[in-house]
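Okay, work.cif is below, mmCIF, C-alpha atoms:
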data_target
#
loop_
_atom_site.label_atom_id
_atom_site.label_comp_id
_atom_site.auth_asym_id
_atom_site.auth_seq_id
_atom_site.Cartn_x
_atom_site.Cartn_y
_atom_site.Cartn_z
CA MET A 1 -13.20 7.72 -10.85
CA ASN A 2 -9.56 6.75 -10.38
CA LEU A 3 -6.31 7.56 -8.65
CA LEU A 4 -3.57 9.41 -10.52
CA TYR A 5 -0.05 8.69 -9.32
CA LEU A 6 2.84 10.89 -10.44
CA SER A 7 6.15 9.26 -9.67
CA ASP A 8 9.71 8.84 -10.92
CA VAL A 9 11.85 5.71 -10.86
CA PHE A 10 14.87 7.70 -9.65
CA CYS A 11 12.98 9.51 -6.86
CA PRO A 12 14.00 7.99 -3.49
CA TRP A 13 10.87 9.24 -1.74
CA CYS A 14 8.76 7.64 -4.49
CA TYR A 15 10.53 4.35 -3.76
CA GLY A 16 9.72 4.89 -0.10
CA PHE A 17 6.08 5.62 -0.95
CA GLY A 18 5.74 2.24 -2.66
CA SER A 19 4.61 0.43 0.50
CA VAL A 20 1.91 3.07 1.05
CA MET A 21 0.62 2.69 -2.50
CA ARG A 22 0.57 -1.10 -2.25
CA ARG A 23 -1.55 -0.98 0.89
CA ILE A 24 -3.96 1.62 -0.52
CA LEU A 25 -4.48 -0.37 -3.71
CA ALA A 26 -4.86 -3.67 -1.84
CA GLU A 27 -7.64 -2.13 0.25
CA CYS A 28 -9.29 -0.39 -2.72
CA PRO A 29 -9.17 -3.01 -5.49
CA ASP A 30 -12.08 -1.41 -7.36
CA LEU A 31 -10.31 1.95 -7.62
CA PRO A 32 -8.23 2.06 -10.83
CA VAL A 33 -4.92 3.91 -10.82
CA ARG A 34 -3.24 5.78 -13.64
CA VAL A 35 0.54 6.31 -13.47
CA LEU A 36 2.49 9.09 -15.11
CA GLY A 37 6.28 9.07 -15.01
CA GLY A 38 8.21 12.10 -13.85
CA ASP A 39 11.11 14.15 -15.12
CA LEU A 40 13.15 14.34 -11.92
CA MET A 41 16.36 13.58 -13.81
CA ASP A 42 15.53 15.38 -17.03
CA GLU A 43 19.27 15.46 -17.76
CA PRO A 44 21.50 12.40 -17.13
CA LEU A 45 23.24 12.31 -13.76
CA THR A 46 25.73 9.69 -12.59
CA LEU A 47 25.94 8.28 -9.09
CA SER A 48 29.35 9.88 -8.54
CA GLU A 49 27.95 13.24 -9.61
CA MET A 50 25.07 12.78 -7.18
CA LYS A 51 27.56 12.14 -4.37
CA GLU A 52 29.43 15.31 -5.25
CA GLU A 53 26.25 17.38 -5.29
CA HIS A 54 24.88 15.84 -2.07
CA PRO A 55 27.73 15.38 0.45
CA SER A 56 25.29 14.11 3.11
CA ILE A 57 23.68 11.54 0.80
CA ARG A 58 24.30 8.63 3.19
CA GLU A 59 22.53 10.44 6.02
CA PHE A 60 19.64 11.16 3.67
CA PHE A 61 19.19 7.50 2.77
CA ALA A 62 19.43 6.46 6.42
CA ARG A 63 16.57 8.89 7.16
CA LEU A 64 14.57 7.60 4.20
CA GLU A 65 14.92 3.99 5.33
CA ALA A 66 13.99 4.88 8.92
CA THR A 67 10.96 6.86 7.73
CA THR A 68 9.60 4.50 5.09
CA GLY A 69 10.93 1.07 6.04
CA GLN A 70 12.21 0.52 2.51
CA PRO A 71 15.72 -1.07 2.38
CA VAL A 72 18.60 0.76 0.70
CA ASP A 73 21.71 -1.11 1.92
CA THR A 74 22.47 -2.76 -1.43
CA PHE A 75 22.10 0.53 -3.29
CA LEU A 76 24.38 2.30 -0.81
CA GLY A 77 27.05 -0.32 -1.48
CA ILE A 78 26.91 0.56 -5.19
CA LEU A 79 26.85 4.28 -4.38
CA ASP A 80 29.96 4.00 -2.19
CA GLY A 81 31.93 2.45 -5.05
CA ALA A 82 30.77 4.85 -7.76
CA GLY A 83 33.71 6.84 -9.07
CA SER A 84 36.14 4.69 -7.04
CA GLY A 85 36.46 1.69 -9.30
CA GLY A 86 32.89 0.49 -9.00
CA PRO A 87 30.04 0.94 -11.50
CA ASP A 88 28.95 4.55 -11.96
CA TRP A 89 25.37 4.24 -13.16
CA ARG A 90 23.51 6.96 -14.99
CA MET A 91 20.08 8.21 -13.96
CA CYS A 92 17.88 9.70 -16.68
CA SER A 93 14.11 10.00 -16.36
CA PRO A 94 13.28 10.25 -20.11
CA GLU A 95 15.18 7.01 -20.78
CA ILE A 96 13.46 5.07 -18.02
CA GLY A 97 10.16 6.65 -19.04
CA LEU A 98 10.55 5.01 -22.44
CA ALA A 99 11.04 1.57 -20.87
CA LEU A 100 7.95 2.10 -18.72
CA ALA A 101 5.88 3.23 -21.70
CA ALA A 102 6.95 0.12 -23.61
CA LEU A 103 6.00 -2.15 -20.73
CA LYS A 104 2.67 -0.40 -20.18
CA THR A 105 1.91 -0.79 -23.88
CA LEU A 106 2.81 -4.48 -24.00
CA ALA A 107 1.38 -5.50 -20.60
CA PRO A 108 -1.31 -2.95 -19.72
CA GLY A 109 -3.12 -2.77 -16.41
CA HIS A 110 -0.08 -3.16 -14.14
CA ASP A 111 1.19 0.42 -14.07
CA VAL A 112 2.01 0.66 -10.35
CA ASP A 113 3.58 -2.79 -10.16
CA GLN A 114 5.75 -2.05 -13.19
CA LEU A 115 6.87 1.31 -11.83
CA GLU A 116 7.71 -0.22 -8.48
CA ALA A 117 9.57 -3.10 -10.11
CA PHE A 118 12.02 -0.58 -11.57
CA GLN A 119 12.22 1.43 -8.33
CA ARG A 120 12.80 -1.70 -6.27
CA ALA A 121 15.42 -2.97 -8.72
CA PHE A 122 17.34 0.31 -8.47
CA TYR A 123 17.10 1.28 -4.79
CA GLY A 124 16.21 -2.06 -3.20
CA GLU A 125 18.26 -4.54 -5.24
CA GLY A 126 21.08 -2.33 -6.50
CA ARG A 127 20.59 -2.94 -10.23
CA ASP A 128 21.28 -0.61 -13.14
CA VAL A 129 17.78 -0.04 -14.51
CA LEU A 130 19.06 1.74 -17.62
CA ASP A 131 20.85 -1.47 -18.62
CA PRO A 132 18.75 -3.05 -21.41
CA ALA A 133 19.40 -6.51 -19.96
CA VAL A 134 17.90 -5.45 -16.62
CA GLN A 135 14.92 -3.91 -18.38
CA ARG A 136 14.32 -7.09 -20.36
CA ASP A 137 14.51 -9.14 -17.18
CA ILE A 138 11.90 -6.96 -15.51
CA ALA A 139 9.67 -7.12 -18.59
CA LEU A 140 9.79 -10.93 -18.45
CA ARG A 141 7.83 -10.78 -15.19
CA TRP A 142 4.82 -9.84 -17.30
CA GLY A 143 5.57 -12.42 -19.98
CA VAL A 144 7.04 -9.89 -22.41
CA ASP A 145 9.56 -11.44 -24.79
CA PRO A 146 12.90 -9.55 -24.82
CA VAL A 147 12.83 -9.13 -28.60
CA VAL A 148 9.31 -7.74 -28.46
CA PHE A 149 10.30 -5.40 -25.63
CA ASP A 150 13.31 -4.06 -27.56
CA ALA A 151 11.13 -3.48 -30.60
CA ALA A 152 8.61 -1.54 -28.52
CA CYS A 153 11.35 0.67 -27.09
CA ALA A 154 12.39 1.52 -30.64
CA ASP A 155 8.82 2.13 -31.81
CA ARG A 156 7.96 5.73 -32.59
CA ALA A 157 4.46 5.44 -31.14
CA VAL A 158 5.84 4.22 -27.81
CA ARG A 159 8.38 7.05 -27.74
CA GLU A 160 5.61 9.56 -28.40
CA ARG A 161 3.53 8.04 -25.62
CA ALA A 162 6.41 8.43 -23.15
CA GLU A 163 6.86 12.05 -24.18
CA ARG A 164 3.12 12.80 -23.91
CA GLU A 165 2.92 11.31 -20.46
CA ALA A 166 5.91 13.32 -19.23
CA VAL A 167 4.38 16.52 -20.58
CA GLU A 168 1.00 15.72 -19.01
CA ALA A 169 2.61 15.06 -15.63
CA ALA A 170 4.50 18.36 -15.79
CA ASP A 171 1.34 20.25 -16.78
CA ILE A 172 -0.62 18.75 -13.90
CA MET A 173 2.04 19.62 -11.35
CA GLY A 174 2.59 23.12 -12.67
CA GLU A 175 5.21 25.05 -10.76
CA PHE A 176 5.18 22.59 -7.85
CA ARG A 177 6.94 19.71 -9.56
CA LEU A 178 7.57 17.54 -6.54
CA TYR A 179 7.46 13.75 -6.38
CA PRO A 180 5.61 11.63 -5.39
CA ALA A 181 2.15 13.13 -5.90
CA LEU A 182 -1.20 11.37 -5.62
CA TYR A 183 -4.53 12.67 -6.89
CA LEU A 184 -8.12 11.47 -7.01
CA GLU A 185 -9.77 12.05 -10.38
CA LYS A 186 -13.54 12.21 -9.90
CA ASP A 187 -16.50 13.72 -11.77
CA GLY A 188 -14.25 15.44 -14.30
CA GLY A 189 -12.13 17.06 -11.59
CA ARG A 190 -8.83 16.29 -9.90
CA GLU A 191 -8.10 16.59 -6.18
CA LEU A 192 -4.58 16.49 -4.76
CA LEU A 193 -4.32 14.01 -1.86
CA THR A 194 -0.63 14.19 -1.06
CA ARG A 195 2.46 15.88 -2.41
CA GLY A 196 5.62 14.20 -1.18
CA TYR A 197 5.93 11.17 1.08
CA ALA A 198 3.19 10.75 3.67
CA PRO A 199 2.44 7.73 5.89
CA TYR A 200 -0.38 5.37 5.06
CA GLU A 201 -2.76 6.66 7.75
CA THR A 202 -2.52 10.21 6.44
CA VAL A 203 -2.97 9.23 2.81
CA ARG A 204 -5.90 6.94 3.58
CA ALA A 205 -7.64 9.67 5.58
CA ARG A 206 -7.26 12.14 2.70
CA LEU A 207 -8.54 9.57 0.22
CA ASP A 208 -11.57 8.65 2.33
CA ALA A 209 -12.45 12.32 2.73
CA ALA A 210 -12.14 12.96 -1.01
CA LEU A 211 -14.28 9.92 -1.82
CA ALA A 212 -16.94 11.25 0.56
CA GLY A 213 -16.91 14.62 -1.18
CA GLU A 214 -15.18 16.38 1.70
CA ARG A 215 -12.33 18.79 1.09
CA GLU A 216 -9.72 18.62 3.81
CA GLY A 217 -6.75 19.87 1.82
CA PHE A 218 -3.77 17.71 1.00
CA ALA A 219 -0.86 16.25 2.89
CA GLU A 220 2.66 17.55 2.28
CA GLY A 221 5.76 15.59 3.10
CA ALA A 222 9.33 14.88 2.13
CA ALA A 223 9.72 15.12 -1.64
CA CYS A 224 12.15 15.16 -4.55
CA GLY A 225 12.23 18.19 -6.84
CA LEU A 226 12.98 18.70 -10.49
CA ASP A 227 16.62 19.49 -9.70
CA GLY A 228 17.00 15.93 -8.40
CA LYS A 229 17.36 17.15 -4.82
CA CYS A 230 15.34 15.58 -2.04
CA CYS A 231 14.13 17.25 1.09
CA GLY A 232 12.42 16.42 4.34
#

structure tokens encoding of this file:
Amino acid sequence: MNLLYLSDVFCPWCYGFGSVMRRILAECPDLPVRVLGGDLMDEPLTLSEMKEEHPSIREFFARLEATTGQPVDTFLGILDGAGSGGPDWRMCSPEIGLALAALKTLAPGHDVDQLEAFQRAFYGEGRDVLDPAVQRDIALRWGVDPVVFDAACADRAVRERAEREAVEAADIMGEFRLYPALYLEKDGGRELLTRGYAPYETVRARLDAALAGEREGFAEGAACGLDGKCCG
């Protein structure tokens, strides 16, 4: 029995859901969790392009911070300067999925912490997580040597792992490819607990019911879709 967490580094609501996941896992230390990366940004998108596509992006992030309590001020400073002389970072889920697969391979057993380290670096600290130097710095938190990390990112087996995990996540979600999503895998089956951001109390109630064998449906909340757009 274990939790299955489908998330994406570039999903703002997934970043917001981080505090919920941390509390759930702290209270359920004997419940393993498996993480699969998403494909929210299956094609590269720059920050300036995101601003053009989402004119009310600042209002969205203000709502996200108010809802989740996760800080975004530093990221918004980077976003404001994108395309106006400041750095214009790229977002690309397959590329970050490779870095995550490398880190999971080299330092297994820390899937959620590693995912959140990248999310926090991007949205909380305002760092370019596709920059190899930033990735190496994050990998060092788990004692992974930069040279070893670079070699893993170039390794065919690691690339294939990243691709397999992305395909598995897409297959599990089916037509409703919304992030974040949390499942309980139990007795050979899989039960959806929440699709989209939901507060701790709601998620914990769904989890407790599922663990007790009760079926109360799943929670639905604000989510990010495959087109990179967020709602709620």

- Message: Rounded to one decimal, what separation in Å do you get between CA of Glu160 (chain A) and CA of Lys104 (chain A)?
- Response: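 Taking CA of Glu160 (chain A) and CA of Lys104 (chain A), their separation equals 13.2 Å.
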
- Query: Of the candidates A:Ile172, A:Leu40, A:Met50, A:Ile57, which shows the shortest atom-to-atom distance to Trp89 (chain A), using only C-alpha atoms?
  - Reply: A:Met50

- Picked residues, the PyMOL selection byres ((chain A and resi 140-146) around 10), expected as an NGL selection string: :A and (103 or 106-108 or 110 or 114 or 117 or 132-139 or 147-152)

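Going from CA of Arg195 (chain A) over to CA of Cys11 (chain A), you cover 13.1 Å.
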
- Item | Selection dump of the PyMOL selection byres ((chain A and resi 204-220) around 8), as a list of chain:residue names |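 Evaluating the PyMOL selection byres ((chain A and resi 204-220) around 8) on these coordinates yields A:Ile24, A:Leu184, A:Glu191, A:Leu192, A:Leu193, A:Thr194, A:Arg195, A:Gly196, A:Tyr197, A:Ala198, A:Tyr200, A:Glu201, A:Thr202, A:Val203, A:Gly221, A:Ala222.
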
- Could you list the residues chosen by the PyMOL selection byres ((chain A and resi 115) around 9) in this structure as an MDAnalysis selection string? chainID A and resid 7:9 35 37 100 110:114 116:120

How would the residues just picked look written out with C-alpha atoms as a short mmCIF file (atom, residue, chain, number, x, y, z; two decimals), in the frame of the given file?
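Output contents, as saved in result06.cif:
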data_model
loop_
_atom_site.label_atom_id
_atom_site.label_comp_id
_atom_site.auth_asym_id
_atom_site.auth_seq_id
_atom_site.Cartn_x
_atom_site.Cartn_y
_atom_site.Cartn_z
CA SER A 7 6.15 9.26 -9.67
CA ASP A 8 9.71 8.84 -10.92
CA VAL A 9 11.85 5.71 -10.86
CA VAL A 35 0.54 6.31 -13.47
CA GLY A 37 6.28 9.07 -15.01
CA LEU A 100 7.95 2.10 -18.72
CA HIS A 110 -0.08 -3.16 -14.14
CA ASP A 111 1.19 0.42 -14.07
CA VAL A 112 2.01 0.66 -10.35
CA ASP A 113 3.58 -2.79 -10.16
CA GLN A 114 5.75 -2.05 -13.19
CA GLU A 116 7.71 -0.22 -8.48
CA ALA A 117 9.57 -3.10 -10.11
CA PHE A 118 12.02 -0.58 -11.57
CA GLN A 119 12.22 1.43 -8.33
CA ARG A 120 12.80 -1.70 -6.27
#

- Message: Which residues are close to Thr68 (chain A), i.e. within 9 Å by all atoms listed in the file, leaving aside same-chain residues fewer than 5 positions away? Reply as a PyMOL selection string.
- Response: chain A and resi 13+15-20+63+197+199

- Gap from CA of Asp30 (chain A) to CA of Leu98 (chain A) - Å, one decimal: 27.9 Å

- Message: So that I can see what lies close to Leu3 (chain A), please list as a PyMOL selection string the residues with an atom at most 7 Å from it, counting only C-alpha atoms and leaving out residues fewer than 2 positions away in the same chain.
- Response: chain A and resi 5+31-34+183-185

- Query: Which one is closest to Thr105 (chain A): A:Leu25, A:Ala157, A:Leu130, A:Ala82? Count all atoms listed in the file.
  - Reply: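 Looking at the shortest contact to Thr105 (chain A), the residue is A:Ala157.
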
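In this comparison, which uses only C-alpha atoms, the residue of A:Gly38, A:Gly225, A:Phe122, A:Gly188 approaching Asn2 (chain A) most closely is A:Gly188.
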
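Closest to Ser93 (chain A) among A:Pro44, A:Pro12, A:Gly189, A:Gly174 is A:Pro44, based on only C-alpha atoms.
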
- Query: Of the residues A:Lys51, A:Arg90, A:Arg177, A:Arg127, which is the one nearest to Asp39 (chain A), using only C-alpha atoms?
  - Reply: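 With only C-alpha atoms as the atom set, the closest residue is A:Arg177.
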
Centre, x/y/z edge lengths, axis-aligned box for region 76-94 of chain A with 8 Å per side, as JSON:
{"center_x": 24.9, "center_y": 5.0, "center_z": -10.5, "size_x": 39.2, "size_y": 26.6, "size_z": 35.3}

Need the shell around Glu43 (chain A): protein/DNA/RNA residues with any atom at most 7 Å away, counting all atoms listed in the file. Skip same-chain ones fewer than 2 positions apart. Format as a compact mmCIF listing (two decimals) with C-alpha atoms, keeping the file's coordinate frame?
# COMPACT_ATOMS: atom_id res chain seq x y z
CA MET A 41 16.36 13.58 -13.81
CA LEU A 45 23.24 12.31 -13.76
CA CYS A 92 17.88 9.70 -16.68

- From the set A:Pro71, A:Pro180, A:Gly126, A:Gly109, which residue has the shortest atom-to-atom contact distance to Pro87 (chain A), counting all atoms listed in the file? A:Gly126

- Task: Write out as a PyMOL selection string which residues come within 10 Å of Asp80 (chain A) when counting all atoms listed in the file, dropping same-chain ones fewer than 4 positions away.
- Result: chain A and resi 47-48+51+58+75-76+84-88

Selection file, C-alpha atoms, as a PDB file, in the coordinates of the input:
ATOM      1  CA  LEU A  47      25.940   8.280  -9.090  1.00  0.00           C
ATOM      2  CA  SER A  48      29.350   9.880  -8.540  1.00  0.00           C
ATOM      3  CA  LYS A  51      27.560  12.140  -4.370  1.00  0.00           C
ATOM      4  CA  ARG A  58      24.300   8.630   3.190  1.00  0.00           C
ATOM      5  CA  PHE A  75      22.100   0.530  -3.290  1.00  0.00           C
ATOM      6  CA  LEU A  76      24.380   2.300  -0.810  1.00  0.00           C
ATOM      7  CA  SER A  84      36.140   4.690  -7.040  1.00  0.00           C
ATOM      8  CA  GLY A  85      36.460   1.690  -9.300  1.00  0.00           C
ATOM      9  CA  GLY A  86      32.890   0.490  -9.000  1.00  0.00           C
ATOM     10  CA  PRO A  87      30.040   0.940 -11.500  1.00  0.00           C
ATOM     11  CA  ASP A  88      28.950   4.550 -11.960  1.00  0.00           C
TER      12      ASP A  88
END

Fix up region 130-141 of chain A with all heavy atoms, then write it as a PDB file, keeping the file's coordinate frame.
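The result, stored in rebuild-v8.pdb:
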ATOM      1  N   LEU A 130      18.901   1.270 -16.244  1.00  0.00           N
ATOM      2  CA  LEU A 130      19.060   1.740 -17.620  1.00  0.00           C
ATOM      3  C   LEU A 130      19.788   0.709 -18.477  1.00  0.00           C
ATOM      4  O   LEU A 130      19.927   0.909 -19.688  1.00  0.00           O
ATOM      5  CB  LEU A 130      19.804   3.079 -17.660  1.00  0.00           C
ATOM      6  CG  LEU A 130      19.042   4.286 -17.105  1.00  0.00           C
ATOM      7  CD1 LEU A 130      19.843   5.570 -17.337  1.00  0.00           C
ATOM      8  CD2 LEU A 130      17.660   4.411 -17.726  1.00  0.00           C
ATOM      9  N   ASP A 131      20.231  -0.376 -17.878  1.00  0.00           N
ATOM     10  CA  ASP A 131      20.850  -1.470 -18.620  1.00  0.00           C
ATOM     11  C   ASP A 131      19.739  -2.234 -19.342  1.00  0.00           C
ATOM     12  O   ASP A 131      18.801  -2.734 -18.701  1.00  0.00           O
ATOM     13  CB  ASP A 131      21.573  -2.394 -17.635  1.00  0.00           C
ATOM     14  CG  ASP A 131      22.289  -3.551 -18.312  1.00  0.00           C
ATOM     15  OD1 ASP A 131      21.976  -3.851 -19.492  1.00  0.00           O
ATOM     16  OD2 ASP A 131      23.152  -4.155 -17.665  1.00  0.00           O
ATOM     17  N   PRO A 132      19.804  -2.340 -20.674  1.00  0.00           N
ATOM     18  CA  PRO A 132      18.750  -3.050 -21.410  1.00  0.00           C
ATOM     19  C   PRO A 132      18.510  -4.466 -20.908  1.00  0.00           C
ATOM     20  O   PRO A 132      17.376  -4.951 -20.921  1.00  0.00           O
ATOM     21  CB  PRO A 132      19.260  -3.042 -22.849  1.00  0.00           C
ATOM     22  CG  PRO A 132      20.137  -1.832 -22.931  1.00  0.00           C
ATOM     23  CD  PRO A 132      20.801  -1.747 -21.593  1.00  0.00           C
ATOM     24  N   ALA A 133      19.556  -5.140 -20.455  1.00  0.00           N
ATOM     25  CA  ALA A 133      19.400  -6.510 -19.960  1.00  0.00           C
ATOM     26  C   ALA A 133      18.537  -6.534 -18.700  1.00  0.00           C
ATOM     27  O   ALA A 133      17.706  -7.439 -18.512  1.00  0.00           O
ATOM     28  CB  ALA A 133      20.762  -7.141 -19.680  1.00  0.00           C
ATOM     29  N   VAL A 134      18.714  -5.545 -17.833  1.00  0.00           N
ATOM     30  CA  VAL A 134      17.900  -5.450 -16.620  1.00  0.00           C
ATOM     31  C   VAL A 134      16.458  -5.136 -16.984  1.00  0.00           C
ATOM     32  O   VAL A 134      15.509  -5.707 -16.419  1.00  0.00           O
ATOM     33  CB  VAL A 134      18.472  -4.393 -15.661  1.00  0.00           C
ATOM     34  CG1 VAL A 134      17.531  -4.168 -14.471  1.00  0.00           C
ATOM     35  CG2 VAL A 134      19.860  -4.805 -15.169  1.00  0.00           C
ATOM     36  N   GLN A 135      16.269  -4.248 -17.934  1.00  0.00           N
ATOM     37  CA  GLN A 135      14.920  -3.910 -18.380  1.00  0.00           C
ATOM     38  C   GLN A 135      14.203  -5.111 -18.968  1.00  0.00           C
ATOM     39  O   GLN A 135      13.023  -5.353 -18.695  1.00  0.00           O
ATOM     40  CB  GLN A 135      14.979  -2.762 -19.387  1.00  0.00           C
ATOM     41  CG  GLN A 135      15.484  -1.452 -18.796  1.00  0.00           C
ATOM     42  CD  GLN A 135      15.533  -0.331 -19.814  1.00  0.00           C
ATOM     43  OE1 GLN A 135      15.189  -0.524 -20.981  1.00  0.00           O
ATOM     44  NE2 GLN A 135      15.971   0.840 -19.373  1.00  0.00           N
ATOM     45  N   ARG A 136      14.919  -5.892 -19.772  1.00  0.00           N
ATOM     46  CA  ARG A 136      14.320  -7.090 -20.360  1.00  0.00           C
ATOM     47  C   ARG A 136      13.941  -8.091 -19.270  1.00  0.00           C
ATOM     48  O   ARG A 136      12.900  -8.744 -19.348  1.00  0.00           O
ATOM     49  CB  ARG A 136      15.287  -7.733 -21.348  1.00  0.00           C
ATOM     50  CG  ARG A 136      15.610  -6.883 -22.571  1.00  0.00           C
ATOM     51  CD  ARG A 136      16.518  -7.646 -23.524  1.00  0.00           C
ATOM     52  NE  ARG A 136      17.167  -6.731 -24.454  1.00  0.00           N
ATOM     53  CZ  ARG A 136      18.467  -6.467 -24.471  1.00  0.00           C
ATOM     54  NH1 ARG A 136      19.274  -7.086 -23.611  1.00  0.00           N
ATOM     55  NH2 ARG A 136      18.980  -5.620 -25.347  1.00  0.00           N
ATOM     56  N   ASP A 137      14.789  -8.218 -18.267  1.00  0.00           N
ATOM     57  CA  ASP A 137      14.510  -9.140 -17.180  1.00  0.00           C
ATOM     58  C   ASP A 137      13.250  -8.726 -16.419  1.00  0.00           C
ATOM     59  O   ASP A 137      12.416  -9.572 -16.064  1.00  0.00           O
ATOM     60  CB  ASP A 137      15.709  -9.185 -16.229  1.00  0.00           C
ATOM     61  CG  ASP A 137      15.511 -10.176 -15.096  1.00  0.00           C
ATOM     62  OD1 ASP A 137      15.261 -11.359 -15.379  1.00  0.00           O
ATOM     63  OD2 ASP A 137      15.588  -9.760 -13.924  1.00  0.00           O
ATOM     64  N   ILE A 138      13.097  -7.447 -16.178  1.00  0.00           N
ATOM     65  CA  ILE A 138      11.900  -6.960 -15.510  1.00  0.00           C
ATOM     66  C   ILE A 138      10.670  -7.194 -16.378  1.00  0.00           C
ATOM     67  O   ILE A 138       9.617  -7.618 -15.901  1.00  0.00           O
ATOM     68  CB  ILE A 138      12.053  -5.463 -15.149  1.00  0.00           C
ATOM     69  CG1 ILE A 138      13.126  -5.296 -14.059  1.00  0.00           C
ATOM     70  CG2 ILE A 138      10.723  -4.867 -14.690  1.00  0.00           C
ATOM     71  CD1 ILE A 138      13.471  -3.853 -13.730  1.00  0.00           C
ATOM     72  N   ALA A 139      10.799  -6.933 -17.673  1.00  0.00           N
ATOM     73  CA  ALA A 139       9.670  -7.120 -18.590  1.00  0.00           C
ATOM     74  C   ALA A 139       9.207  -8.577 -18.634  1.00  0.00           C
ATOM     75  O   ALA A 139       8.011  -8.862 -18.808  1.00  0.00           O
ATOM     76  CB  ALA A 139      10.044  -6.653 -19.993  1.00  0.00           C
ATOM     77  N   LEU A 140      10.133  -9.506 -18.433  1.00  0.00           N
ATOM     78  CA  LEU A 140       9.790 -10.930 -18.450  1.00  0.00           C
ATOM     79  C   LEU A 140       8.803 -11.296 -17.348  1.00  0.00           C
ATOM     80  O   LEU A 140       8.081 -12.289 -17.457  1.00  0.00           O
ATOM     81  CB  LEU A 140      11.050 -11.772 -18.314  1.00  0.00           C
ATOM     82  CG  LEU A 140      11.848 -12.044 -19.592  1.00  0.00           C
ATOM     83  CD1 LEU A 140      13.164 -12.719 -19.254  1.00  0.00           C
ATOM     84  CD2 LEU A 140      11.035 -12.897 -20.565  1.00  0.00           C
ATOM     85  N   ARG A 141       8.758 -10.498 -16.283  1.00  0.00           N
ATOM     86  CA  ARG A 141       7.830 -10.780 -15.190  1.00  0.00           C
ATOM     87  C   ARG A 141       6.379 -10.690 -15.655  1.00  0.00           C
ATOM     88  O   ARG A 141       5.498 -11.264 -15.025  1.00  0.00           O
ATOM     89  CB  ARG A 141       8.072  -9.815 -14.028  1.00  0.00           C
ATOM     90  CG  ARG A 141       9.481  -9.894 -13.452  1.00  0.00           C
ATOM     91  CD  ARG A 141       9.684  -8.882 -12.342  1.00  0.00           C
ATOM     92  NE  ARG A 141      11.087  -8.737 -12.005  1.00  0.00           N
ATOM     93  CZ  ARG A 141      11.563  -7.926 -11.066  1.00  0.00           C
ATOM     94  NH1 ARG A 141      10.710  -7.198 -10.355  1.00  0.00           N
ATOM     95  NH2 ARG A 141      12.860  -7.847 -10.836  1.00  0.00           N
TER      96      ARG A 141
END
